[in-house]
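Working notes for the structure below.
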Amino acid sequence: QVQVVESGGGLVQPGGSLRLSCTASGIFSSIYNMGWFRQTPEKQRELVAKIRSDGETTYGDAVKGRFRISRDKTRKTVYLQMNGLKREDTAAYYCNLDQGTRGNFWGQGTQVTVSS
């Protein structure tokens with residue numbers, strides 16, 4: 001059974017940093033993409049960052065230059081380093097595992113709140 005589990009959310013002041021982690025289990029292929037999306041009650045879920053199996057990364061326009069996605073393939077874990085956080089980064093952050101024809105899976109979400 002595939003599981004995707006996020007951790008690392010919390011409360012941080014504007015300008016601060018947080019690192020989110022996401023670990024996938026129950027997968028047996030080395031070919032998969034992972035990424036982070038975020039959602040608020042007012043907005044649709046949007047891409048934050050994703051990393052392909054070949055290492056290529058893509059970032060949402062709102063976070064370019066401030067956030068960085070990385071991974072540890074041996075641990076099937078992806079990280080999101082968030083720097084220079086702004087109030088508008090407040091959202092529930094969801095990890096996504098895309099295995100193509102093998103399925104697409106989401107974590108339960110972790111809340112990030114940027115407030116003074």
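The chains in the structure tokens are called A, B, ... from first to last as shown; in each chain the residues are counted from 1, and the ligands are counted from 1 in the order shown.
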So that I can check the surroundings of A:Cys95, please list as an mmCIF file with C-alpha atoms, in the first residue's frame every protein, DNA and RNA residue that reaches within 7 Å of it, counting only C-alpha atoms and ignoring chain neighbours fewer than 4 positions away.
data_model
loop_
_atom_site.group_PDB
_atom_site.id
_atom_site.type_symbol
_atom_site.label_atom_id
_atom_site.label_comp_id
_atom_site.auth_asym_id
_atom_site.auth_seq_id
_atom_site.Cartn_x
_atom_site.Cartn_y
_atom_site.Cartn_z
ATOM 1 C CA GLU A 6 4.428 14.989 5.256
ATOM 2 C CA CYS A 22 7.692 14.057 2.649
ATOM 3 C CA GLY A 35 6.217 17.547 -5.539
ATOM 4 C CA TRP A 36 4.570 20.024 -3.245
ATOM 5 C CA PHE A 37 1.290 21.817 -3.766
ATOM 6 C CA TRP A 106 -1.396 12.625 -1.968
ATOM 7 C CA GLY A 107 -0.356 13.127 1.612
ATOM 8 C CA GLY A 109 -1.261 17.856 4.268
#
Give the helix (DSSP H, G or I) residues of chain A, as DSSP finds them on the backbone, and put them as a ChimeraX atom specification. /A:73-75,87-89,100-102
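When only C-alpha atoms are used to compute distances to A:Val12, the closest of the residues A:Lys86, A:Lys50, A:Arg45, A:Arg71 turns out to be A:Lys86.
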So that I can check the secondary structure, give me every residue of stretch 38-113 of chain A assigned strand (DSSP E or B) by backbone DSSP, as a ChimeraX atom specification. /A:38-40,43-51,57-59,67-72,77-82,91-98,104-106,110-113
Any chance you could export the current selection's N, CA and C atoms as a CSV table (one decimal), in the first residue's frame?
chain,number,residue,atom,x,y,z
A,38,ARG,N,0.1,23.6,-2.7
A,38,ARG,CA,-0.5,24.2,-1.5
A,38,ARG,C,-1.9,24.7,-1.8
A,39,GLN,N,-2.7,24.9,-0.8
A,39,GLN,CA,-4.1,25.3,-1.0
A,39,GLN,C,-4.6,26.1,0.2
A,40,THR,N,-5.4,27.1,0.0
A,40,THR,CA,-6.1,27.9,1.0
A,40,THR,C,-7.6,27.8,0.7
A,43,LYS,N,-8.3,29.8,-2.5
A,43,LYS,CA,-7.6,29.5,-3.8
A,43,LYS,C,-7.6,28.0,-4.1
A,44,GLN,N,-7.5,27.7,-5.4
A,44,GLN,CA,-7.4,26.3,-5.8
A,44,GLN,C,-6.0,25.9,-5.4
A,45,ARG,N,-5.8,24.6,-5.4
A,45,ARG,CA,-4.5,24.0,-5.1
A,45,ARG,C,-3.6,24.4,-6.2
A,46,GLU,N,-2.4,24.8,-5.8
A,46,GLU,CA,-1.4,25.3,-6.8
A,46,GLU,C,-0.1,24.6,-6.6
A,47,LEU,N,0.7,24.6,-7.7
A,47,LEU,CA,2.0,24.0,-7.6
A,47,LEU,C,2.9,24.9,-6.8
A,48,VAL,N,3.7,24.3,-5.9
A,48,VAL,CA,4.8,25.0,-5.3
A,48,VAL,C,6.1,24.6,-5.9
A,49,ALA,N,6.4,23.3,-5.9
A,49,ALA,CA,7.6,22.8,-6.6
A,49,ALA,C,7.5,21.3,-6.8
A,50,LYS,N,8.2,20.8,-7.8
A,50,LYS,CA,8.2,19.4,-8.1
A,50,LYS,C,9.5,19.0,-8.6
A,51,ILE,N,9.8,17.7,-8.4
A,51,ILE,CA,11.1,17.2,-8.9
A,51,ILE,C,10.8,15.9,-9.6
A,57,THR,N,13.7,20.1,-11.9
A,57,THR,CA,12.8,20.7,-10.9
A,57,THR,C,12.0,21.8,-11.6
A,58,THR,N,10.8,22.0,-11.1
A,58,THR,CA,9.9,23.1,-11.5
A,58,THR,C,9.4,23.8,-10.3
A,59,TYR,N,9.3,25.1,-10.4
A,59,TYR,CA,8.8,25.9,-9.3
A,59,TYR,C,7.6,26.8,-9.7
A,67,PHE,N,12.1,29.3,-2.4
A,67,PHE,CA,12.0,27.9,-2.0
A,67,PHE,C,12.9,27.0,-2.8
A,68,ARG,N,13.3,25.9,-2.3
A,68,ARG,CA,14.1,24.9,-3.0
A,68,ARG,C,13.6,23.5,-2.6
A,69,ILE,N,13.4,22.7,-3.7
A,69,ILE,CA,13.0,21.3,-3.5
A,69,ILE,C,14.3,20.4,-3.7
A,70,SER,N,14.4,19.4,-2.9
A,70,SER,CA,15.5,18.5,-3.0
A,70,SER,C,15.0,17.1,-2.6
A,71,ARG,N,15.8,16.1,-2.8
A,71,ARG,CA,15.3,14.7,-2.5
A,71,ARG,C,16.5,13.8,-2.1
A,72,ASP,N,16.1,12.8,-1.4
A,72,ASP,CA,17.0,11.7,-1.1
A,72,ASP,C,16.3,10.4,-1.6
A,77,THR,N,12.4,10.3,0.0
A,77,THR,CA,12.0,11.5,0.7
A,77,THR,C,12.3,12.7,-0.1
A,78,VAL,N,11.4,13.7,-0.1
A,78,VAL,CA,11.6,14.9,-0.8
A,78,VAL,C,11.5,16.0,0.3
A,79,TYR,N,12.3,17.1,0.1
A,79,TYR,CA,12.3,18.2,1.1
A,79,TYR,C,11.9,19.5,0.3
A,80,LEU,N,11.3,20.4,1.1
A,80,LEU,CA,11.0,21.7,0.6
A,80,LEU,C,11.6,22.7,1.6
A,81,GLN,N,12.7,23.3,1.2
A,81,GLN,CA,13.3,24.4,2.0
A,81,GLN,C,12.6,25.7,1.7
A,82,MET,N,12.0,26.3,2.6
A,82,MET,CA,11.3,27.6,2.4
A,82,MET,C,11.9,28.7,3.1
A,91,ALA,N,-0.7,28.4,4.1
A,91,ALA,CA,-1.5,27.4,3.3
A,91,ALA,C,-1.3,26.1,3.9
A,92,ALA,N,-2.2,25.2,3.5
A,92,ALA,CA,-2.0,23.7,3.7
A,92,ALA,C,-1.1,23.2,2.6
A,93,TYR,N,0.0,22.6,2.9
A,93,TYR,CA,0.9,22.1,1.9
A,93,TYR,C,0.8,20.6,1.8
A,94,TYR,N,0.6,20.1,0.6
A,94,TYR,CA,0.4,18.7,0.3
A,94,TYR,C,1.5,18.2,-0.6
A,95,CYS,N,2.0,17.0,-0.2
A,95,CYS,CA,3.0,16.3,-1.0
A,95,CYS,C,2.3,15.4,-2.0
A,96,ASN,N,2.8,15.3,-3.2
A,96,ASN,CA,2.3,14.5,-4.2
A,96,ASN,C,3.3,13.5,-4.8
A,97,LEU,N,2.9,12.3,-4.9
A,97,LEU,CA,3.7,11.3,-5.6
A,97,LEU,C,3.1,10.8,-6.9
A,98,ASP,N,3.8,11.0,-7.9
A,98,ASP,CA,3.2,10.7,-9.3
A,98,ASP,C,4.0,9.5,-9.8
A,104,ASN,N,-1.3,8.1,-8.7
A,104,ASN,CA,-1.0,9.4,-8.2
A,104,ASN,C,-1.5,9.5,-6.8
A,105,PHE,N,-0.7,9.9,-5.9
A,105,PHE,CA,-1.0,9.8,-4.4
A,105,PHE,C,-0.7,11.1,-3.7
A,106,TRP,N,-1.5,11.4,-2.7
A,106,TRP,CA,-1.4,12.6,-2.0
A,106,TRP,C,-1.2,12.3,-0.5
A,110,THR,N,0.1,19.4,5.5
A,110,THR,CA,0.7,20.0,6.7
A,110,THR,C,0.5,21.5,6.6
A,111,GLN,N,0.1,22.1,7.7
A,111,GLN,CA,-0.2,23.5,7.7
A,111,GLN,C,1.0,24.3,8.0
A,112,VAL,N,1.2,25.4,7.1
A,112,VAL,CA,2.2,26.4,7.3
A,112,VAL,C,1.5,27.7,7.5
A,113,THR,N,1.8,28.4,8.6
A,113,THR,CA,1.2,29.7,8.9
A,113,THR,C,2.3,30.7,9.1
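Between A:Met34 and the residues A:Thr74, A:Asn83, A:Gln1, A:Gln99, the shortest atom-to-atom distance, using only C-alpha atoms, involves A:Gln99.
The interatomic distance for the pair atom CA of A:Asp54 and atom CA of A:Lys73 works out to 10.8 Å.
Of note, atom CA of A:Gly16 and atom CA of A:Gly84 are spaced 5.6 Å apart.
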Kindly give the distance, in Å, that separates atom CA of A:Asn33 and atom CA of A:Val5, rounded to a single decimal. 15.1 Å
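Comparing A:Gly103, A:Pro41, A:Gly8, A:Gly55 by their smallest distance to A:Ser21, the closest is A:Gly8 (using only C-alpha atoms).
With only C-alpha atoms as the atoms that count, the minimum distance from A:Arg52 to the choices A:Tyr32, A:Gln108, A:Gly26, A:Val4 is reached by A:Tyr32.
Here the question is which of A:Gly15, A:Gly65, A:Gly100, A:Gly10 gets nearest to A:Ile31 using only C-alpha atoms, and that residue is A:Gly100.
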